[in-house]
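Have a look at the structure below before the remarks.
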Amino acid sequence: MLRRFARQLSVPPSSVGRRLRVASAIIALGLVASGCAANTPGNASSSITASATTSSTAPDPDASRIVSIASDVAKANGDSAPTAIQWVRATRGAIAQLMDFGVPADQRAINEILILVTGSFSATNAKLPPTVTSLPSGRNLEIVVDPSSWATTDFGIGNFDIDLSTLGLAHTA
Amino acid sequence: MLHFPVIGARLKSCCRLLALIVVIGAYLIGMPTPAMADACASHCYAYADWTVTPPSGFSGMEVSLRTNCMSVANNMTDFVTNEEWFVQGNYWVEAGITIGAKYGGGYLTRAEPYWADNRPGSGSYHEHYGFGAYTLQTYTSIIISKTVSSSQIDIYQDGSYLGSSTSNFTGAATTLLAGNETTTTTAHTFGSVTAMQWRDLTNVWHTDWHSASGATLPTPDAPLYSMWMTQYSWMRSGAGAAC
């Protein structure tokens with residue numbers, strides 16, 4: 001095989017082995033480097049795992065997906081290593097009441113997930129009036145997800161003192 | 001004794017090895033391509049602005065939005081809107097049509113209605129979606145209204161209730177705005193804000209954004225543009241070619 005590879009490279013077989021070792025080392029370095037990059041604070045999923053704990057024995061079957069959503073949103077809002085991710089499943093009506101906004105009557109019974117992320121955030125892509133120059137910021141993100149489509153329906157950024165356990169079983173990543 | 005065919009073969013192999021090292025090196029270093037900062041990264045606007053001084057103020061606003069086309073080059077990172085804002089200082093409610101990135105995750109590949117607010121205290125900033133698709137090239141009426149003595153502000157689209165911003169500012173709004181916002185110069189949108197109406201402090205509706213003073217069109221941020229089609233009642237704005 002070395003001989004065939006040597007013919008392709010037009011070099012003596014004796015030098016192919018050495019060059020392959022060099023190339024392998026470089027590739028290995030690359031893999032190590034990329035692995036290191038993935039473990040920098042830039043990757044939130046490395047700091048928060050999906051092994052959710054709850055006050056009961058039943059883990060959330062969608063924990064990985066929920067943590068992934070929370071991590072992506074945290075990263076997009078300036079904190080790649082959030083310190084906490086919690087969530088609770090409840091109706092949209094109950095979530096809206098806790099987050100303090102009004103929803104149409106026909107949306108109140110929809111089952112959704114409220115995710116509360118803790119860290120240090122700044123919303124560069126928030127929609128703002130032209131008269132406002134400072135970006136919304138805070139130590140919390142609220143993310144509401146419809147698990148039937150996994151579309152995000154509501155977001156909040158600020159310093160929120162909300163207790164998810166008032167809505168049901170609160171999970172913590 | 002040197003043989004030219006051998007030299008040629010060695011040169012060839014050296015070149016190949018060099019190319020391999022360059023490729024792997026580029027991979028190791030990451031080779032970031034020089035990125036040009038988008039001139040609209042800090043948000044660009046084209047809008048009509050009617051600001052009054054207390055005790056004057058507004059208890060509501062209504063405009064009819066029409067968007068003929070709406071897009072950004074990268075839906076995952078940028079957005080563009082056609083919308084209205086109901087503002088008192090640093091607190092507000094806004095509602096309209098948007099496409100592209102939702103700051104809280106995910107993105108819209110079709111134009112959809114939304115509303116957002118920024119509230120005092122721990123209320124802070126929120127965005128709300130999930131109201132279905134907006135049909136391009138149609139007029140849609142957006143109302144934002146409040147009872148002046150209350151801190152609740154309600155949002156309606158074509159007469160349907162979209163939601164309420166609760167625990168927001170008390171008193172009247174002092175600024176009404178309408179137009180486009182985007183985070184990218186790649187935005188392409190063409191539309192209008194028509195039937196511009198406002199509600200006074202006694203809850204009476206009026207046509208045209210004008211009484212003692214009137215709305216102005218501040219210079220838009222390129223590539224956005226704006227112009228009055230009929231002053232105080234019909235503004236056209238967008239970015240890119242008509243569509």
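Here's how to read the names in the structure tokens: chain A, B, ... by the order shown, residue numbers from 1 in each chain, ligand numbers from 1 in the order shown.
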Near-region 170-185 of chain B list (7 Å; only C-alpha atoms; drop same-chain fewer than 6 positions) as a PyMOL selection string: chain B and resi 38-53+57-59+78-88+148-151+193+223+237-238
Atoms kept (C-alpha atoms) for selection, written as a PDB file, in the first residue's frame:
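Final file, out.pdb:
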ATOM      1  CA  ASP B  38     -21.886  45.670   8.421  1.00  0.00           C
ATOM      2  CA  ALA B  39     -22.719  49.372   8.524  1.00  0.00           C
ATOM      3  CA  CYS B  40     -26.146  48.503   9.934  1.00  0.00           C
ATOM      4  CA  ALA B  41     -24.877  46.169  12.665  1.00  0.00           C
ATOM      5  CA  SER B  42     -25.815  48.839  15.194  1.00  0.00           C
ATOM      6  CA  HIS B  43     -29.276  49.035  13.561  1.00  0.00           C
ATOM      7  CA  CYS B  44     -30.376  51.241  10.663  1.00  0.00           C
ATOM      8  CA  TYR B  45     -33.709  53.046  10.505  1.00  0.00           C
ATOM      9  CA  ALA B  46     -36.042  54.836   8.135  1.00  0.00           C
ATOM     10  CA  TYR B  47     -38.997  56.252  10.010  1.00  0.00           C
ATOM     11  CA  ALA B  48     -41.525  58.948  10.673  1.00  0.00           C
ATOM     12  CA  ASP B  49     -41.201  60.567  14.097  1.00  0.00           C
ATOM     13  CA  TRP B  50     -43.861  62.516  15.949  1.00  0.00           C
ATOM     14  CA  THR B  51     -42.629  63.600  19.373  1.00  0.00           C
ATOM     15  CA  VAL B  52     -44.602  65.928  21.632  1.00  0.00           C
ATOM     16  CA  THR B  53     -43.853  67.523  24.988  1.00  0.00           C
ATOM     17  CA  GLY B  57     -49.291  62.966  24.615  1.00  0.00           C
ATOM     18  CA  PHE B  58     -50.896  59.979  22.988  1.00  0.00           C
ATOM     19  CA  SER B  59     -53.098  57.185  24.327  1.00  0.00           C
ATOM     20  CA  ASP B  78     -30.072  39.657  10.822  1.00  0.00           C
ATOM     21  CA  PHE B  79     -33.600  40.994  10.615  1.00  0.00           C
ATOM     22  CA  VAL B  80     -35.613  43.721   8.959  1.00  0.00           C
ATOM     23  CA  THR B  81     -38.977  45.104  10.079  1.00  0.00           C
ATOM     24  CA  ASN B  82     -41.858  47.273   8.966  1.00  0.00           C
ATOM     25  CA  GLU B  83     -43.383  48.484  12.215  1.00  0.00           C
ATOM     26  CA  GLU B  84     -44.642  51.133  14.611  1.00  0.00           C
ATOM     27  CA  TRP B  85     -43.342  52.207  18.028  1.00  0.00           C
ATOM     28  CA  PHE B  86     -45.317  53.702  20.954  1.00  0.00           C
ATOM     29  CA  VAL B  87     -42.757  55.326  23.235  1.00  0.00           C
ATOM     30  CA  GLN B  88     -42.376  57.137  26.549  1.00  0.00           C
ATOM     31  CA  VAL B 148     -53.538  56.707  30.221  1.00  0.00           C
ATOM     32  CA  SER B 149     -54.020  56.009  33.934  1.00  0.00           C
ATOM     33  CA  SER B 150     -53.154  52.340  33.484  1.00  0.00           C
ATOM     34  CA  SER B 151     -49.816  50.657  32.867  1.00  0.00           C
ATOM     35  CA  VAL B 193     -47.046  53.080   6.407  1.00  0.00           C
ATOM     36  CA  PRO B 223     -29.347  51.864   2.434  1.00  0.00           C
ATOM     37  CA  SER B 237     -39.866  53.396   2.940  1.00  0.00           C
ATOM     38  CA  GLY B 238     -37.574  50.492   2.279  1.00  0.00           C
TER      39      GLY B 238
END
Residues of chain B within 6 Å of chain A, counting only C-alpha atoms, as a PDB file with N, CA and C atoms, in the first residue's frame:
ATOM      1  N   ALA B   9      10.418  14.617 -10.290  1.00  0.00           N
ATOM      2  CA  ALA B   9       9.498  13.880  -9.427  1.00  0.00           C
ATOM      3  C   ALA B   9       9.575  14.380  -8.000  1.00  0.00           C
ATOM      4  N   SER B  13       6.681  16.127  -5.731  1.00  0.00           N
ATOM      5  CA  SER B  13       6.239  15.632  -4.427  1.00  0.00           C
ATOM      6  C   SER B  13       6.382  16.699  -3.358  1.00  0.00           C
ATOM      7  N   LEU B  28      -5.400  24.658  10.998  1.00  0.00           N
ATOM      8  CA  LEU B  28      -4.977  24.810  12.395  1.00  0.00           C
ATOM      9  C   LEU B  28      -5.137  26.246  12.871  1.00  0.00           C
ATOM     10  N   TYR B 103     -33.990  37.594  18.406  1.00  0.00           N
ATOM     11  CA  TYR B 103     -32.808  37.689  19.264  1.00  0.00           C
ATOM     12  C   TYR B 103     -32.758  36.556  20.274  1.00  0.00           C
ATOM     13  N   GLY B 104     -33.911  36.041  20.607  1.00  0.00           N
ATOM     14  CA  GLY B 104     -33.942  35.002  21.632  1.00  0.00           C
ATOM     15  C   GLY B 104     -33.845  33.602  21.073  1.00  0.00           C
ATOM     16  N   GLY B 105     -33.366  33.464  19.851  1.00  0.00           N
ATOM     17  CA  GLY B 105     -33.196  32.132  19.301  1.00  0.00           C
ATOM     18  C   GLY B 105     -34.126  31.866  18.143  1.00  0.00           C
ATOM     19  N   SER B 122     -38.308  45.427  36.824  1.00  0.00           N
ATOM     20  CA  SER B 122     -37.793  44.128  36.398  1.00  0.00           C
ATOM     21  C   SER B 122     -38.497  43.621  35.147  1.00  0.00           C
ATOM     22  N   SER B 124     -38.320  44.789  31.960  1.00  0.00           N
ATOM     23  CA  SER B 124     -37.277  44.673  30.931  1.00  0.00           C
ATOM     24  C   SER B 124     -37.832  44.372  29.545  1.00  0.00           C
ATOM     25  N   TYR B 125     -36.933  43.850  28.689  1.00  0.00           N
ATOM     26  CA  TYR B 125     -37.240  43.728  27.262  1.00  0.00           C
ATOM     27  C   TYR B 125     -37.771  42.336  26.905  1.00  0.00           C
ATOM     28  N   HIS B 126     -38.837  42.301  26.099  1.00  0.00           N
ATOM     29  CA  HIS B 126     -39.409  41.033  25.637  1.00  0.00           C
ATOM     30  C   HIS B 126     -39.836  41.143  24.170  1.00  0.00           C
ATOM     31  N   GLU B 127     -39.782  40.018  23.467  1.00  0.00           N
ATOM     32  CA  GLU B 127     -40.331  39.905  22.112  1.00  0.00           C
ATOM     33  C   GLU B 127     -41.328  38.752  22.087  1.00  0.00           C
ATOM     34  N   HIS B 128     -42.352  38.908  21.249  1.00  0.00           N
ATOM     35  CA  HIS B 128     -43.403  37.886  21.176  1.00  0.00           C
ATOM     36  C   HIS B 128     -43.735  37.547  19.713  1.00  0.00           C
ATOM     37  N   TYR B 129     -43.803  36.237  19.448  1.00  0.00           N
ATOM     38  CA  TYR B 129     -44.087  35.746  18.099  1.00  0.00           C
ATOM     39  C   TYR B 129     -45.188  34.681  18.170  1.00  0.00           C
ATOM     40  N   GLY B 130     -45.408  34.051  17.032  1.00  0.00           N
ATOM     41  CA  GLY B 130     -46.353  32.932  17.021  1.00  0.00           C
ATOM     42  C   GLY B 130     -47.747  33.331  16.582  1.00  0.00           C
ATOM     43  N   GLY B 163     -51.876  40.705  22.116  1.00  0.00           N
ATOM     44  CA  GLY B 163     -51.321  40.580  23.452  1.00  0.00           C
ATOM     45  C   GLY B 163     -51.324  41.897  24.192  1.00  0.00           C
ATOM     46  N   SER B 164     -50.833  41.838  25.423  1.00  0.00           N
ATOM     47  CA  SER B 164     -50.764  43.037  26.257  1.00  0.00           C
ATOM     48  C   SER B 164     -49.402  43.155  26.902  1.00  0.00           C
ATOM     49  N   SER B 165     -48.895  44.380  26.896  1.00  0.00           N
ATOM     50  CA  SER B 165     -47.708  44.696  27.680  1.00  0.00           C
ATOM     51  C   SER B 165     -48.208  45.222  29.019  1.00  0.00           C
ATOM     52  N   THR B 166     -48.041  44.427  30.057  1.00  0.00           N
ATOM     53  CA  THR B 166     -48.511  44.835  31.379  1.00  0.00           C
ATOM     54  C   THR B 166     -47.347  45.409  32.183  1.00  0.00           C
TER      55      THR B 166
END
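Distance check against Ala58 (chain A) using only C-alpha atoms: of A:Ile110, A:Ile95, A:Ala90, A:Ala170, the minimum falls on A:Ala170.
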Determine the nearest neighbour of Thr186 (chain B) from the options B:Phe169, B:Pro55, B:Asp154, B:Ala73, counting only C-alpha atoms.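 Closest residue, counting only C-alpha atoms: B:Ala73.
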May I ask for the distance between CA of Asn140 (chain A) and CA of Ser80 (chain A), given in Å to one decimal place? 13.2 Å
Which residues come within 12 Å of Val88 (chain A), counting only C-alpha atoms, excluding same-chain residues fewer than 6 positions away, as an mmCIF file with C-alpha atoms, in the first residue's frame?
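And here's result_4.cif as it stands now:
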data_model
loop_
_atom_site.group_PDB
_atom_site.id
_atom_site.type_symbol
_atom_site.label_atom_id
_atom_site.label_comp_id
_atom_site.auth_asym_id
_atom_site.auth_seq_id
_atom_site.Cartn_x
_atom_site.Cartn_y
_atom_site.Cartn_z
ATOM 1 C CA ALA A 52 -31.129 17.498 34.206
ATOM 2 C CA THR A 53 -31.927 17.162 37.852
ATOM 3 C CA THR A 54 -35.373 17.689 39.254
ATOM 4 C CA SER A 55 -37.109 17.591 42.561
ATOM 5 C CA PRO A 59 -35.851 13.475 34.130
ATOM 6 C CA ASP A 60 -37.116 15.507 31.198
ATOM 7 C CA ASP A 62 -36.078 16.598 26.014
ATOM 8 C CA ALA A 63 -33.365 17.847 28.372
ATOM 9 C CA ILE A 66 -33.743 22.274 25.808
ATOM 10 C CA ALA A 94 -49.638 30.276 33.029
ATOM 11 C CA ILE A 95 -46.233 31.199 31.589
ATOM 12 C CA LEU A 98 -45.541 34.502 35.481
ATOM 13 C CA ASN A 111 -48.429 23.626 26.284
ATOM 14 C CA GLU A 112 -45.035 25.289 26.224
ATOM 15 C CA ILE A 113 -41.683 25.256 27.997
ATOM 16 C CA LEU A 114 -40.310 28.253 29.869
ATOM 17 C CA ILE A 115 -36.504 28.245 30.064
ATOM 18 C CA LEU A 116 -34.705 30.570 32.470
ATOM 19 C CA VAL A 117 -31.000 31.083 31.777
ATOM 20 C CA GLU A 142 -36.442 33.929 29.455
ATOM 21 C CA ILE A 143 -37.127 31.680 26.474
ATOM 22 C CA VAL A 144 -40.537 30.213 25.744
ATOM 23 C CA VAL A 145 -40.586 27.244 23.374
ATOM 24 C CA PRO A 147 -42.415 21.727 22.009
ATOM 25 C CA ILE A 162 -39.217 34.395 38.961
ATOM 26 C CA ASP A 163 -39.767 31.040 40.610
ATOM 27 C CA LEU A 164 -40.351 28.372 37.974
ATOM 28 C CA SER A 165 -41.555 25.887 40.575
ATOM 29 C CA THR A 166 -44.752 27.908 40.916
ATOM 30 C CA LEU A 167 -45.707 26.530 37.481
ATOM 31 C CA GLY A 168 -44.790 22.889 38.066
ATOM 32 C CA LEU A 169 -41.827 20.614 38.174
ATOM 33 C CA ALA A 170 -38.737 22.744 37.652
ATOM 34 C CA HIS A 171 -35.742 21.091 35.983
ATOM 35 C CA THR A 172 -32.141 22.243 36.372
ATOM 36 C CA ALA A 173 -29.325 21.394 33.962
#
Residues of region 78-214 of chain B in strand (DSSP E), written as number ranges by chain: B: 79-88, 91-101, 107-119, 124-128, 139-146, 153-157, 160-165, 175-182, 188-199, 205-207
